[in-house]
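Next up, query-v8.cif (mmCIF, C-alpha atoms):
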data_start
loop_
_atom_site.label_atom_id
_atom_site.label_comp_id
_atom_site.auth_asym_id
_atom_site.auth_seq_id
_atom_site.Cartn_x
_atom_site.Cartn_y
_atom_site.Cartn_z
CA MET A 214 73.26 -129.28 13.19
CA SER A 215 76.93 -130.22 12.81
CA LEU A 216 78.14 -133.76 13.41
CA ILE A 217 78.71 -132.76 17.03
CA SER A 218 77.68 -129.76 19.13
CA PRO A 219 78.58 -128.35 22.55
CA PHE A 220 76.00 -128.38 25.33
CA ALA A 221 75.52 -127.09 28.87
CA GLY A 222 76.23 -130.21 30.89
CA LEU A 223 74.59 -131.24 34.15
CA ARG A 224 77.49 -132.22 36.39
CA PRO A 225 78.48 -132.85 40.00
CA ALA A 226 79.07 -129.63 41.90
CA PRO A 227 82.72 -128.90 42.81
CA GLY A 228 84.00 -131.51 45.23
CA ARG A 229 81.05 -133.89 44.68
CA ALA A 230 82.24 -135.95 41.69
CA ALA A 231 83.54 -138.81 43.84
CA ASP A 232 80.17 -138.96 45.63
CA VAL A 233 78.26 -139.11 42.35
CA ALA A 234 80.31 -141.09 39.81
CA ALA A 235 79.08 -144.63 39.21
CA PRO A 236 79.76 -147.53 36.85
CA PRO A 237 77.56 -147.82 33.75
CA TYR A 238 74.04 -148.91 34.61
CA ASP A 239 74.28 -152.18 32.65
CA VAL A 240 77.44 -153.75 34.07
CA MET A 241 76.01 -154.98 37.35
CA SER A 242 73.03 -156.95 38.63
CA ALA A 243 70.29 -155.40 40.76
CA SER A 244 71.73 -156.98 43.90
CA GLU A 245 75.21 -155.67 43.08
CA ALA A 246 73.76 -152.19 42.51
CA ARG A 247 72.07 -152.30 45.92
CA ARG A 248 75.39 -153.13 47.59
CA MET A 249 77.15 -150.34 45.67
CA VAL A 250 74.80 -147.64 46.96
CA GLU A 251 75.09 -148.61 50.61
CA GLY A 252 76.31 -145.51 52.43
CA ARG A 253 76.33 -143.53 49.17
CA PRO A 254 73.17 -141.39 49.06
CA TRP A 255 74.44 -139.34 46.09
CA SER A 256 75.61 -142.19 43.89
CA PHE A 257 74.36 -141.80 40.32
CA LEU A 258 73.03 -145.35 40.58
CA HIS A 259 70.03 -143.82 42.36
CA ILE A 260 69.22 -142.32 38.94
CA SER A 261 70.55 -144.95 36.53
CA ARG A 262 69.38 -147.94 38.61
CA PRO A 263 66.54 -146.42 40.69
CA GLU A 264 65.14 -149.84 41.60
CA VAL A 265 67.79 -149.80 44.37
CA ASP A 266 65.40 -147.46 46.23
CA LEU A 267 62.37 -149.72 45.76
CA PRO A 268 61.57 -153.08 47.39
CA GLU A 269 63.72 -156.00 46.30
CA GLY A 270 62.19 -157.90 43.44
CA SER A 271 60.55 -154.80 41.93
CA ASP A 272 59.99 -154.96 38.18
CA PRO A 273 62.89 -152.91 36.74
CA TYR A 274 60.61 -151.78 33.89
CA ALA A 275 57.70 -150.65 36.06
CA HIS A 276 56.47 -147.04 35.87
CA ALA A 277 57.48 -146.56 39.52
CA VAL A 278 61.12 -147.17 38.63
CA TYR A 279 61.29 -144.36 36.07
CA ALA A 280 59.32 -142.06 38.39
CA LYS A 281 61.85 -142.78 41.12
CA ALA A 282 64.69 -141.91 38.76
CA ARG A 283 63.07 -138.53 38.09
CA GLU A 284 62.51 -137.95 41.80
CA ASN A 285 66.13 -138.78 42.61
CA LEU A 286 67.46 -136.54 39.84
CA GLU A 287 65.39 -133.61 41.11
CA ARG A 288 66.51 -134.33 44.68
CA MET A 289 70.17 -134.21 43.68
CA ARG A 290 69.68 -130.97 41.74
CA SER A 291 67.71 -129.35 44.58
CA ALA A 292 70.42 -130.33 47.07
CA GLY A 293 73.05 -128.72 44.87
CA VAL A 294 74.87 -132.02 44.31
CA LEU A 295 74.27 -131.68 40.57
CA ALA A 296 74.40 -128.33 38.79
CA ARG A 297 74.15 -127.29 35.17
CA ASP A 298 76.89 -125.34 33.44
CA PRO A 299 75.83 -121.79 32.44
CA SER A 300 76.68 -122.11 28.72
CA PRO A 301 77.29 -124.76 26.05
CA ARG A 302 80.75 -126.28 25.97
CA TYR A 303 82.67 -129.45 25.23
CA TYR A 304 84.48 -131.57 27.79
CA ALA A 305 87.71 -133.51 27.46
CA TYR A 306 87.51 -136.88 29.21
CA ARG A 307 90.54 -139.04 29.99
CA LEU A 308 90.47 -142.63 31.21
CA THR A 309 93.54 -144.25 32.75
CA MET A 310 93.63 -147.98 33.49
CA GLY A 311 97.05 -149.19 34.54
CA ASP A 312 99.42 -148.32 31.69
CA HIS A 313 96.56 -147.69 29.26
CA GLN A 314 95.28 -144.15 28.68
CA GLN A 315 92.71 -142.75 26.27
CA THR A 316 91.45 -139.20 25.82
CA GLY A 317 88.19 -138.25 24.14
CA LEU A 318 85.60 -135.54 23.78
CA VAL A 319 82.21 -135.30 25.50
CA ALA A 320 79.74 -133.82 23.00
CA ALA A 321 76.17 -133.92 21.74
CA ALA A 322 76.30 -136.12 18.64
CA SER A 323 73.81 -135.39 15.87
CA VAL A 324 70.70 -137.56 15.81
CA ARG A 325 70.29 -136.74 12.11
CA ALA A 326 73.80 -138.07 11.46
CA TYR A 327 72.91 -141.22 13.39
CA ASP A 328 69.67 -141.68 11.45
CA SER A 329 71.47 -141.21 8.10
CA ASN A 330 74.23 -143.67 9.14
CA ARG A 331 77.00 -141.10 9.25
CA ILE A 332 77.26 -142.33 12.83
CA LYS A 333 77.59 -146.02 12.07
CA LYS A 334 76.37 -149.03 14.02
CA HIS A 335 77.56 -152.62 14.09
CA GLU A 336 75.10 -154.34 16.44
CA LEU A 337 71.41 -155.19 16.54
CA THR A 338 69.38 -153.94 19.51
CA ARG A 339 66.88 -155.77 21.68
CA PRO A 340 63.45 -154.08 21.83
CA VAL A 341 63.01 -154.51 25.59
CA LYS A 342 66.35 -152.80 26.34
CA GLU A 343 65.75 -150.07 23.80
CA ASP A 344 62.27 -149.40 25.24
CA ASP A 345 63.79 -149.19 28.71
CA ARG A 346 66.21 -146.45 27.64
CA VAL A 347 63.42 -144.54 25.89
CA ARG A 348 61.37 -144.53 29.11
CA GLN A 349 64.41 -143.48 31.13
CA ILE A 350 65.17 -140.52 28.86
CA GLU A 351 61.52 -139.42 28.75
CA ALA A 352 61.16 -139.67 32.53
CA LEU A 353 64.30 -137.64 33.22
CA ASP A 354 64.09 -135.19 30.31
CA ALA A 355 67.78 -135.93 30.11
CA GLN A 356 70.29 -138.37 28.71
CA THR A 357 72.47 -139.68 31.49
CA GLY A 358 74.23 -142.68 29.94
CA PRO A 359 76.88 -141.59 27.40
CA VAL A 360 77.22 -143.43 24.12
CA PHE A 361 80.80 -144.56 23.46
CA LEU A 362 81.75 -143.33 19.97
CA VAL A 363 84.97 -143.63 17.99
CA TYR A 364 86.53 -141.54 15.20
CA ARG A 365 89.44 -142.42 12.96
CA ALA A 366 92.41 -140.83 14.70
CA ASN A 367 92.91 -137.26 13.52
CA ARG A 368 96.16 -135.46 14.30
CA ALA A 369 94.65 -131.99 14.62
CA ILE A 370 91.90 -133.14 17.02
CA ASP A 371 94.21 -135.35 19.04
CA ASP A 372 96.85 -132.64 19.40
CA LEU A 373 94.33 -130.07 20.61
CA LEU A 374 92.89 -132.45 23.21
CA ALA A 375 96.40 -133.31 24.39
CA ARG A 376 97.21 -129.60 24.77
CA LEU A 377 94.00 -128.87 26.66
CA CYS A 378 94.60 -131.81 28.98
CA ALA A 379 98.07 -130.58 29.89
CA ALA A 380 96.36 -128.33 32.45
CA PRO A 381 95.20 -129.77 35.78
CA PRO A 382 91.80 -131.49 35.39
CA GLU A 383 88.69 -129.89 36.79
CA VAL A 384 87.50 -133.31 37.95
CA GLU A 385 89.58 -136.32 38.96
CA VAL A 386 88.00 -139.48 40.36
CA THR A 387 89.54 -142.90 40.89
CA ALA A 388 86.82 -145.53 40.85
CA ALA A 389 86.61 -148.73 42.87
CA ASP A 390 88.16 -150.64 39.96
CA SER A 391 91.22 -148.32 40.09
CA VAL A 392 90.34 -146.62 36.79
CA ARG A 393 91.05 -142.87 36.92
CA HIS A 394 88.48 -140.54 35.33
CA GLU A 395 89.54 -136.95 34.54
CA LEU A 396 87.47 -134.14 33.05
CA TRP A 397 88.34 -130.74 31.57
CA CYS A 398 85.82 -128.08 30.48
CA ILE A 399 86.37 -126.63 27.01
CA ALA A 400 84.58 -123.26 27.07
CA SER A 401 86.82 -121.20 24.76
CA ALA A 402 84.84 -120.07 21.69
CA ASP A 403 87.90 -120.65 19.48
CA ASP A 404 88.44 -124.21 20.76
CA ILE A 405 84.73 -125.00 20.45
CA ALA A 406 84.64 -123.73 16.85
CA PHE A 407 87.80 -125.65 15.94
CA LEU A 408 86.51 -128.94 17.36
CA THR A 409 83.08 -128.53 15.76
CA GLN A 410 84.62 -127.90 12.35
CA ALA A 411 87.26 -130.62 12.69
CA PHE A 412 84.68 -133.27 13.56
CA ASP A 413 82.33 -132.04 10.85
CA ALA A 414 85.10 -132.71 8.33
CA LEU A 415 85.24 -136.39 9.32
CA ASP A 416 83.50 -138.93 7.12
CA ALA A 417 81.90 -140.82 9.99
CA LEU A 418 81.76 -141.71 13.66
CA TYR A 419 81.29 -145.27 14.94
CA VAL A 420 79.23 -146.59 17.84
CA ALA A 421 81.63 -148.68 19.90
CA ASP A 422 79.33 -149.27 22.88
CA GLY A 423 75.85 -147.94 23.60
CA HIS A 424 73.72 -149.13 20.69
CA HIS A 425 70.59 -149.20 22.86
CA ARG A 426 71.23 -145.72 24.25
CA SER A 427 71.79 -144.20 20.81
CA ALA A 428 68.77 -145.96 19.29
CA ALA A 429 66.62 -144.76 22.18
CA ALA A 430 67.86 -141.18 21.80
CA SER A 431 66.92 -141.30 18.12
CA ARG A 432 63.41 -142.52 18.95
CA VAL A 433 62.89 -139.85 21.62
CA ALA A 434 64.08 -137.14 19.20
CA ALA A 435 61.71 -138.41 16.48
CA ASN A 436 58.77 -138.45 18.88
CA ARG A 437 59.46 -134.90 20.01
CA ARG A 438 59.93 -133.60 16.47
CA SER A 439 56.61 -135.16 15.50
CA ALA A 440 54.80 -133.71 18.50
CA ALA A 441 56.22 -130.24 17.90
CA GLY A 442 56.04 -130.30 14.11
CA ASP A 443 59.75 -129.51 14.16
CA GLN A 444 62.19 -130.73 11.50
CA GLY A 445 65.31 -129.59 13.35
CA ASP A 446 68.14 -131.73 14.70
CA SER A 447 69.01 -132.66 18.25
CA GLY A 448 71.93 -134.36 19.93
CA PHE A 449 72.62 -137.36 22.12
CA LEU A 450 75.16 -137.63 24.92
CA SER A 451 78.40 -139.15 23.69
CA VAL A 452 82.08 -139.53 24.50
CA ILE A 453 84.19 -139.80 21.34
CA PHE A 454 87.67 -141.36 21.30
CA PRO A 455 90.26 -141.85 18.53
CA HIS A 456 90.30 -145.42 17.26
CA ASP A 457 94.01 -145.96 17.92
CA GLN A 458 93.58 -145.36 21.66
CA MET A 459 90.89 -147.99 22.14
CA GLN A 460 91.46 -151.11 24.20
CA ILE A 461 89.30 -154.04 23.16
CA LEU A 462 89.62 -157.16 25.28
CA ASP A 463 88.70 -160.69 24.32
CA TYR A 464 85.06 -161.76 24.70
CA ASN A 465 85.14 -165.45 25.46
CA ARG A 466 82.60 -168.29 25.30
CA VAL A 467 81.49 -171.05 27.67
CA VAL A 468 79.09 -173.85 26.71
CA LYS A 469 77.04 -176.02 29.07
CA ASP A 470 77.42 -179.39 27.31
CA LEU A 471 79.11 -181.15 24.41
CA ASN A 472 75.92 -181.69 22.42
CA GLY A 473 75.67 -185.36 23.35
CA LEU A 474 79.32 -186.14 22.47
CA SER A 475 81.86 -187.72 24.76
CA ALA A 476 85.01 -185.66 25.37
CA ASP A 477 87.00 -187.98 23.08
CA ALA A 478 84.39 -187.82 20.31
CA PHE A 479 84.26 -184.05 20.61
CA LEU A 480 88.05 -183.74 20.35
CA ALA A 481 88.03 -186.02 17.32
CA ARG A 482 85.47 -183.82 15.56
CA LEU A 483 87.66 -180.76 16.04
CA HIS A 484 90.36 -182.18 13.76
CA ASP A 485 88.13 -181.64 10.74
CA ALA A 486 88.84 -177.90 10.81
CA PHE A 487 91.47 -177.32 13.50
CA ARG A 488 94.97 -178.37 14.40
CA VAL A 489 94.61 -179.36 18.06
CA THR A 490 97.51 -179.52 20.53
CA ARG A 491 97.49 -180.11 24.27
CA ALA A 492 98.92 -177.18 26.27
CA GLU A 493 100.69 -177.33 29.62
CA THR A 494 99.61 -173.80 30.60
CA PRO A 495 96.45 -171.69 30.05
CA VAL A 496 96.11 -170.55 26.43
CA LYS A 497 95.61 -166.87 25.66
CA PRO A 498 95.55 -166.63 21.84
CA GLY A 499 98.23 -164.39 20.39
CA GLU A 500 96.95 -164.09 16.84
CA PRO A 501 93.74 -164.26 14.80
CA GLY A 502 92.58 -167.75 13.84
CA SER A 503 93.86 -169.36 17.03
CA PHE A 504 91.83 -170.25 20.11
CA GLY A 505 92.32 -171.56 23.61
CA MET A 506 90.04 -174.33 24.85
CA TYR A 507 89.55 -175.61 28.39
CA LEU A 508 87.98 -179.05 28.71
CA GLN A 509 87.97 -181.51 31.63
CA GLY A 510 90.76 -179.73 33.48
CA ALA A 511 93.06 -179.43 30.47
CA TRP A 512 93.96 -176.60 28.08
CA TYR A 513 94.23 -177.05 24.33
CA ARG A 514 95.44 -174.78 21.55
CA LEU A 515 93.26 -174.72 18.43
CA HIS A 516 94.52 -173.40 15.08
CA LEU A 517 91.91 -173.07 12.36
CA ASP A 518 92.89 -174.26 8.88
CA PRO A 519 93.90 -170.97 7.16
CA SER A 520 92.02 -171.96 4.00
CA ARG A 521 88.79 -171.62 5.98
CA ILE A 522 89.40 -167.95 6.82
CA PRO A 523 87.81 -165.65 4.21
CA SER A 524 89.67 -162.49 3.27
CA ASP A 525 86.85 -160.57 1.62
CA ASP A 526 84.04 -160.81 4.20
CA PRO A 527 84.48 -158.41 7.16
CA VAL A 528 82.07 -160.38 9.38
CA ALA A 529 82.94 -163.97 8.43
CA LYS A 530 86.66 -163.42 9.04
CA LEU A 531 86.16 -162.27 12.66
CA ASP A 532 87.40 -164.80 15.21
CA VAL A 533 84.00 -164.82 16.89
CA SER A 534 82.48 -165.83 13.52
CA LEU A 535 85.16 -168.42 12.79
CA LEU A 536 84.60 -170.16 16.12
CA GLN A 537 80.84 -170.02 15.66
CA ASN A 538 80.84 -171.21 12.06
CA HIS A 539 83.39 -174.03 12.42
CA LEU A 540 82.84 -175.30 15.96
CA ILE A 541 80.05 -173.88 18.10
CA GLY A 542 77.44 -174.20 15.35
CA PRO A 543 78.29 -177.42 13.49
CA ILE A 544 79.77 -179.42 16.41
CA LEU A 545 78.06 -178.09 19.53
CA GLY A 546 74.74 -177.47 17.79
CA ILE A 547 74.28 -173.82 18.82
CA ALA A 548 72.89 -172.12 15.73
CA ASP A 549 71.79 -168.87 17.36
CA PRO A 550 74.19 -167.73 20.10
CA ARG A 551 72.03 -164.65 20.64
CA ARG A 552 69.18 -166.75 22.03
CA ASP A 553 70.49 -170.22 22.89
CA GLU A 554 70.72 -170.64 26.67
CA ARG A 555 73.42 -173.30 26.40
CA ILE A 556 76.06 -170.64 25.67
CA ASP A 557 77.28 -167.77 27.80
CA PHE A 558 79.89 -165.05 27.35
CA VAL A 559 82.75 -163.98 29.63
CA GLY A 560 84.46 -160.63 29.25
CA GLY A 561 88.23 -160.70 29.04
CA ILE A 562 88.48 -158.46 32.09
CA ARG A 563 87.81 -161.63 34.14
CA GLY A 564 90.90 -163.34 32.75
CA LEU A 565 91.35 -166.98 31.79
CA GLU A 566 90.69 -167.93 35.40
CA GLY A 567 87.12 -166.77 34.85
CA LEU A 568 86.75 -169.49 32.21
CA VAL A 569 88.38 -172.16 34.36
CA ALA A 570 86.05 -171.37 37.26
CA ARG A 571 82.92 -171.78 35.14
CA VAL A 572 84.04 -175.21 33.86
CA ASP A 573 85.58 -176.55 37.08
CA SER A 574 82.38 -175.70 38.96
CA GLY A 575 80.47 -178.07 36.69
CA GLU A 576 78.25 -175.24 35.45
CA MET A 577 79.85 -175.39 31.99
CA ALA A 578 81.46 -178.22 30.03
CA VAL A 579 83.89 -176.34 27.83
CA ALA A 580 85.35 -172.84 27.51
CA PHE A 581 86.94 -171.00 24.59
CA ALA A 582 89.41 -168.11 24.77
CA LEU A 583 89.46 -165.81 21.72
CA TYR A 584 91.81 -163.26 20.24
CA PRO A 585 90.26 -159.78 20.63
CA THR A 586 88.39 -158.15 17.77
CA SER A 587 90.35 -155.15 16.48
CA MET A 588 89.00 -151.63 16.18
CA VAL A 589 89.87 -151.68 12.47
CA ASP A 590 87.73 -154.81 12.02
CA LEU A 591 84.83 -153.18 13.87
CA MET A 592 84.96 -150.12 11.61
CA SER A 593 85.20 -152.32 8.51
CA VAL A 594 82.01 -154.15 9.51
CA ALA A 595 80.22 -150.85 10.14
CA ASP A 596 81.48 -149.36 6.86
CA ALA A 597 80.09 -152.39 5.03
CA GLY A 598 76.70 -151.90 6.67
CA GLU A 599 76.98 -155.33 8.29
CA VAL A 600 76.22 -156.54 11.81
CA MET A 601 78.74 -158.15 14.13
CA PRO A 602 77.92 -161.39 15.95
CA PRO A 603 76.70 -160.97 19.54
CA LYS A 604 79.31 -160.31 22.20
CA SER A 605 82.13 -159.53 19.77
CA THR A 606 83.83 -156.72 21.69
CA TRP A 607 84.56 -155.93 25.32
CA PHE A 608 85.83 -152.39 25.80
CA GLU A 609 87.91 -151.45 28.81
CA PRO A 610 88.03 -149.16 30.63
CA LYS A 611 84.35 -148.31 30.95
CA LEU A 612 82.95 -144.78 31.05
CA ALA A 613 81.51 -143.51 34.31
CA ASP A 614 77.89 -142.45 34.64
CA GLY A 615 77.10 -139.14 36.30
CA LEU A 616 80.13 -137.03 35.40
CA VAL A 617 78.23 -135.23 32.60
CA SER A 618 74.56 -135.52 31.60
CA LEU A 619 72.67 -133.83 28.77
CA VAL A 620 69.42 -132.07 29.70
CA LEU A 621 66.76 -132.01 26.98
CA ASP A 622 65.59 -128.41 26.55
#
Let me see whether you can do it: turn the structure in this file into structure tokens.
Amino acid sequence: MSLISPFAGLRPAPGRAADVAAPPYDVMSASEARRMVEGRPWSFLHISRPEVDLPEGSDPYAHAVYAKARENLERMRSAGVLARDPSPRYYAYRLTMGDHQQTGLVAAASVRAYDSNRIKKHELTRPVKEDDRVRQIEALDAQTGPVFLVYRANRAIDDLLARLCAAPPEVEVTAADSVRHELWCIASADDIAFLTQAFDALDALYVADGHHRSAAASRVAANRRSAAGDQGDSGFLSVIFPHDQMQILDYNRVVKDLNGLSADAFLARLHDAFRVTRAETPVKPGEPGSFGMYLQGAWYRLHLDPSRIPSDDPVAKLDVSLLQNHLIGPILGIADPRRDERIDFVGGIRGLEGLVARVDSGEMAVAFALYPTSMVDLMSVADAGEVMPPKSTWFEPKLADGLVSLVLD
């Protein structure tokens, strides 16, 4: 199998995309999902979050949940709300969020390439979440949550997608968050062959978001190869964007207490590694190595001593690592931010006011605003075979679930 392949997508029937399209399954709580499906019987959340159709408090990992997902998928296909395309093809997918626009390709990415690290990862996965996605795929005999992949921008690929997207889209949906989702079918044999060959010539693809979905797809493929005695390749549902069109927002930190320090003692400790200045307005860092801090109703600007920023370690030089290694770990006593319940993470989409609210409510003691991780830094970490710290990147806009799914034949 090539690095990517076309497939016959399962999609909303003409005129039904707005009824079906839903946010990614993992960006809302169960109660939020229940509110989102009110009055929307064809929302894809009935498949991606099927516990909305079971009693409140149901175990989201119970067998009944996955069975309900299968039942709802079959119901939507039987009702003609979802229909499968007659032949394999690619799909161009454009996201527009305010002034930001990015255009990518929906394709089946090679599991073999993923297993051999030609499709590169940068995060660890949690077994419980990975197991959940395996059960979901097995129950549906389909992959419904696309993996967000990135390729190093390629002029030939980008130009072709731009030309194809000059035509009116086959699907256009504006979601509740005002993000516009547009889809074009690419069924021409010449265009399919060109895209397949152009992607196959790339050195690598990178997982931007969807590490659990891609790991689960690999496990399902391995299980099925073993059961069938088959050594062939298979694909997993992906949307692939050029790296220079990505928008990564800051992923900020809030901490519940000052590790037994008074506010004055805490501020004094910061001077060991940072230049600290009081700010009259909220601080949104404008460069790497600088941080905003909100403490007791006041904003501060923190500048890390440049001599403490390594130039030859792709992980240690990330701002999320610098803050962890020089402040959150040694001063606030949080050695493992992946597991310590004293720390939480706030996506940049919530703005600095999201940090202020968490501290002013008394829930948290201090908040930190970070400069966003760059796409180049992410690829450098993946190329080095390293792992990024938890909650390093927040991608916006998010892909929609339900616009294209991959049925496992």
**OP:** Please provide the set of residues having any atom within 10 Å of region 493-507 of chain A, restricted to all atoms listed in the file, with same-chain residues fewer than 2 positions apart removed, written as a ChimeraX atom specification.
**Re:** /A:463,465-467,487-491,509-519,521-522,530-533,535-536,564-566,568-569,572-573,578-587
Quick one: which residues end up in the PyMOL selection byres ((chain A and resi 216) around 10) for this structure, as a compact mmCIF listing (two decimals) with C-alpha atoms, in the frame of the given file?
# COMPACT_ATOMS: atom_id res chain seq x y z
CA MET A 214 73.26 -129.28 13.19
CA SER A 215 76.93 -130.22 12.81
CA ILE A 217 78.71 -132.76 17.03
CA SER A 218 77.68 -129.76 19.13
CA ALA A 320 79.74 -133.82 23.00
CA ALA A 321 76.17 -133.92 21.74
CA ALA A 322 76.30 -136.12 18.64
CA SER A 323 73.81 -135.39 15.87
CA VAL A 324 70.70 -137.56 15.81
CA ARG A 325 70.29 -136.74 12.11
CA ALA A 326 73.80 -138.07 11.46
CA TYR A 327 72.91 -141.22 13.39
CA ARG A 331 77.00 -141.10 9.25
CA ILE A 332 77.26 -142.33 12.83
CA THR A 409 83.08 -128.53 15.76
CA GLN A 410 84.62 -127.90 12.35
CA ALA A 411 87.26 -130.62 12.69
CA PHE A 412 84.68 -133.27 13.56
CA ASP A 413 82.33 -132.04 10.85
CA ALA A 414 85.10 -132.71 8.33
CA LEU A 415 85.24 -136.39 9.32
CA ASP A 416 83.50 -138.93 7.12
CA ALA A 417 81.90 -140.82 9.99
CA LEU A 418 81.76 -141.71 13.66
CA GLY A 448 71.93 -134.36 19.93
Original post:
Interatomic distance between CA of Met592 (chain A) and CA of Ser524 (chain A)?
Top reply: 15.6 Å
Original post:
Applied to the shown file, which residues does the PyMOL selection byres ((chain A and resi 419-423) around 9) return, written as a list of chain:residue names?
Top reply: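 Written out, the selection comes to A:Arg331, A:Ile332, A:Lys333, A:Lys334, A:His335, A:Glu336, A:Gly358, A:Pro359, A:Val360, A:Phe361, A:Leu362, A:Val363, A:Tyr364, A:Arg365, A:Ala417, A:Leu418, A:His424, A:His425, A:Arg426, A:Ser427, A:Ala428, A:Ile453, A:Met588, A:Leu591, A:Met592, A:Ala595, A:Thr606, A:Trp607, A:Phe608.
If you apply the PyMOL selection byres ((chain A and resi 304) around 8) to this structure, you end up with Arg302, Tyr303, Ala305, Tyr306, Leu318, Val319, Ala320, Leu396, Trp397, Cys398 and Ile399 of chain A.
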Original post:
Pick from A:Ala275, A:Val240, A:Val294, A:Ile547: nearest to Leu612 (chain A), with all atoms listed in the file counted?
Top reply: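 Residue with the minimum atom-to-atom distance to Leu612 (chain A): A:Val240.
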Original post:
Using all atoms listed in the file, which residue out of A:Leu374, A:Val265, A:Leu480, A:Met601 lies closest to Arg551 (chain A)?
Top reply: A:Met601
Original post:
With all atoms listed in the file as the atoms that count, which of A:His539, A:Arg346, A:Arg437, A:Lys281 lies nearest to Asp622 (chain A)?
Top reply: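 The shortest atom-to-atom distance to Asp622 (chain A) comes from A:Arg437.
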I'd like the contact shell of Asp272 (chain A) - 12 Å cut-off, all atoms listed in the file, skipping same-chain residues fewer than 6 positions apart - returned as a PDB file with C-alpha atoms, in the coordinates of the input.
ATOM      1  CA  ALA A 243      70.290-155.400  40.760  1.00  0.00           C
ATOM      2  CA  ARG A 262      69.380-147.940  38.610  1.00  0.00           C
ATOM      3  CA  PRO A 263      66.540-146.420  40.690  1.00  0.00           C
ATOM      4  CA  GLU A 264      65.140-149.840  41.600  1.00  0.00           C
ATOM      5  CA  VAL A 265      67.790-149.800  44.370  1.00  0.00           C
ATOM      6  CA  VAL A 278      61.120-147.170  38.630  1.00  0.00           C
ATOM      7  CA  TYR A 279      61.290-144.360  36.070  1.00  0.00           C
ATOM      8  CA  ASP A 345      63.790-149.190  28.710  1.00  0.00           C
TER       9      ASP A 345
END
**OP:** Point out the residue among A:Asp232, A:Glu385, A:Glu251, A:Asp328 with the least atom-to-atom distance to Leu295 (chain A), counting only C-alpha atoms.
**Re:**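 Nearest to Leu295 (chain A): A:Asp232.
Taking CA of Thr387 (chain A) and CA of Tyr238 (chain A) as the two end points, the separation is 17.8 Å.
Neighbouring residues of Glu609 (chain A) at 7 Å or closer, counting only C-alpha atoms and skipping chain neighbours under 5 positions away, are A:Gln460, A:Ile461, A:Leu462.
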